[in-house]
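Comments concern the structure below.
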Amino acid sequence: MHLRSKTVQQLLSVVLSVVMVLSMLPMEVLAQETPPVTTPMDLTAITEDTSGDGWSWTQSTKTLTLTGLTLTVSDDSTHALILPDGATIDLTDGTTSTLTGGSRSTVYSSGEVKLAAAAA
């Protein structure tokens, strides 16, 4: 009986130790990462609502909502994100989106683009 009790105590100690270590990690370590987009996003020719990992496009309002998009384009001959005139980029509260382009501008539009904060 003494051996069984000692084994249970050791097992409980291991479980509690693992729980303690996991509780000390920042939540970002446990969060699932959104895979990066590496091809340019040209939304000027899109005629319907569409979405992908970390973003969604609403055609009727020309609104690009970013929810953790990582867009990295290394091709120096193109822009990373191309938007139509009158587009709005909504940056969702509580998320981080990163847009990186080559030697050209990262975000391009032939007209006006608005930035807005969207609630999560």
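By order in the structure tokens, chains are A, B, ...; within a chain, residues start at 1; ligands start at 1, following the order shown.
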request  = Could you find all residues in chain A that DSSP calls strand (DSSP E or B) from the backbone, and write them as number ranges by chain?
outcome  = A: 37, 41-42, 50-52, 55-58, 63-66, 70-72, 81-83, 87-92, 98-100, 107-109, 113-118
Among chain A, which ones does DSSP assign to alpha helix (DSSP H) (computed from the backbone)? Answer as a compact mmCIF listing (two decimals) with C-alpha atoms, in the first residue's frame.
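Saved file result35.txt follows:
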```txt
# COMPACT_ATOMS: atom_id res chain seq x y z
CA HIS A 2 2.86 2.37 0.81
CA LEU A 3 4.44 1.81 -2.64
CA ARG A 4 1.17 2.56 -4.44
CA SER A 5 0.65 5.77 -2.45
CA LYS A 6 4.20 6.92 -3.23
CA THR A 7 3.69 6.24 -6.97
CA VAL A 8 0.47 8.26 -6.98
CA GLN A 9 2.25 11.13 -5.21
CA GLN A 10 5.10 11.08 -7.75
CA LEU A 11 2.69 11.04 -10.67
CA LEU A 12 0.73 13.92 -9.19
CA SER A 13 3.98 15.87 -8.68
CA VAL A 14 4.93 15.41 -12.33
CA VAL A 15 1.48 16.51 -13.55
CA LEU A 16 1.48 19.59 -11.31
CA SER A 17 5.01 20.49 -12.46
CA VAL A 18 3.95 20.35 -16.12
CA VAL A 19 0.89 22.49 -15.39
CA MET A 20 3.06 25.05 -13.58
CA VAL A 21 5.54 25.28 -16.46
CA LEU A 22 2.76 25.68 -19.05
CA SER A 23 1.03 28.36 -16.99
CA MET A 24 4.23 30.44 -17.00
CA MET A 27 -0.11 32.75 -24.49
CA GLU A 28 1.60 33.71 -27.79
CA VAL A 29 3.80 30.63 -27.46
CA LEU A 30 0.74 28.39 -27.43
```
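Close contacts of Val73 of chain A, defined as residues with an atom at most 10 Å away when counting only C-alpha atoms, with chain neighbours fewer than 2 positions off set aside, comprise Pro36, Val37, Thr38, Thr39, Pro40, Met41, Thr70, Leu71, Asp75, Asp76, Ser77, Thr78, His79, Ala80, Leu81, Leu99, Thr100, Gly101, Gly102, Ser103 and Thr106 of chain A.
Residue nearest Ala119 of chain A within the list A:Val107, A:Leu83, A:Leu91, A:Leu64: A:Leu91 [criterion: smallest interatomic distance, only C-alpha atoms].
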query = What separation in Å, quoted to one decimal, exists between atom CA of Leu66 of chain A and atom CA of Lys114 of chain A?
reply =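 We find that atom CA of Leu66 of chain A and atom CA of Lys114 of chain A lie 13.3 Å from each other.
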note = Counting only C-alpha atoms, the residue among A:Thr88, A:Ser105, A:Ser110, A:Ser97 that lies closest to Trp57 of chain A is A:Thr88
message = Taking 5 positions as the minimum chain separation for residues in the same chain, which residues sit within 8 Å of Ala87 of chain A when counting only C-alpha atoms? Answer as a ChimeraX atom specification.
response = /A:61-64,112-114
Based on the selection just made, write all heavy atoms of those residues as a CSV table (one decimal), in the first residue's frame.
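Generated file (result_1.csv):
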```csv
chain,number,residue,atom,x,y,z
A,61,THR,N,-18.2,46.9,-50.1
A,61,THR,CA,-17.7,48.1,-49.4
A,61,THR,C,-16.3,48.3,-49.7
A,61,THR,O,-15.7,49.3,-49.1
A,61,THR,CB,-18.0,47.9,-47.9
A,61,THR,OG1,-17.3,46.8,-47.5
A,61,THR,CG2,-19.4,47.8,-47.6
A,62,LYS,N,-15.6,47.5,-50.5
A,62,LYS,CA,-14.2,47.6,-50.8
A,62,LYS,C,-13.4,47.6,-49.5
A,62,LYS,O,-12.6,48.4,-49.3
A,62,LYS,CB,-13.9,48.8,-51.6
A,62,LYS,CG,-14.4,48.8,-53.0
A,62,LYS,CD,-14.0,50.0,-53.8
A,62,LYS,CE,-14.7,50.1,-55.1
A,62,LYS,NZ,-14.3,51.4,-55.8
A,63,THR,N,-13.7,46.6,-48.6
A,63,THR,CA,-13.1,46.6,-47.3
A,63,THR,C,-12.2,45.4,-47.1
A,63,THR,O,-12.7,44.3,-47.2
A,63,THR,CB,-14.1,46.7,-46.1
A,63,THR,OG1,-14.9,47.9,-46.3
A,63,THR,CG2,-13.5,46.7,-44.8
A,64,LEU,N,-11.0,45.6,-46.8
A,64,LEU,CA,-10.0,44.5,-46.5
A,64,LEU,C,-9.9,44.5,-45.0
A,64,LEU,O,-9.4,45.5,-44.4
A,64,LEU,CB,-8.7,44.8,-47.1
A,64,LEU,CG,-7.6,43.8,-46.8
A,64,LEU,CD1,-7.9,42.4,-47.3
A,64,LEU,CD2,-6.2,44.2,-47.3
A,112,GLU,N,-7.5,56.8,-53.3
A,112,GLU,CA,-7.6,56.9,-51.8
A,112,GLU,C,-7.8,55.6,-51.1
A,112,GLU,O,-8.6,54.8,-51.6
A,112,GLU,CB,-8.7,57.9,-51.5
A,112,GLU,CG,-8.8,58.2,-50.0
A,112,GLU,CD,-10.0,59.1,-49.7
A,112,GLU,OE1,-9.9,60.2,-50.2
A,112,GLU,OE2,-10.9,58.7,-49.0
A,113,VAL,N,-7.1,55.4,-50.0
A,113,VAL,CA,-7.2,54.2,-49.2
A,113,VAL,C,-7.4,54.7,-47.7
A,113,VAL,O,-6.6,55.6,-47.3
A,113,VAL,CB,-6.0,53.3,-49.2
A,113,VAL,CG1,-6.2,52.1,-48.2
A,113,VAL,CG2,-5.9,52.7,-50.6
A,114,LYS,N,-8.4,54.2,-47.0
A,114,LYS,CA,-8.6,54.6,-45.6
A,114,LYS,C,-8.2,53.5,-44.7
A,114,LYS,O,-8.3,52.3,-45.0
A,114,LYS,CB,-10.1,54.9,-45.4
A,114,LYS,CG,-10.6,56.0,-46.2
A,114,LYS,CD,-12.1,56.1,-46.1
A,114,LYS,CE,-12.7,57.2,-47.0
A,114,LYS,NZ,-14.2,57.2,-47.0
```
key: Point-to-point distance in Å for atom CA of Thr58 of chain A and atom CA of Asp93 of chain A   =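 Calculated distance between atom CA of Asp93 of chain A and atom CA of Thr58 of chain A is 18.1 Å.
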key: atom CA of Arg104 of chain A to atom CA of Gln59 of chain A, straight-line distance in Å   =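 Atom-to-atom, atom CA of Gln59 of chain A and atom CA of Arg104 of chain A are spaced 25.5 Å apart.
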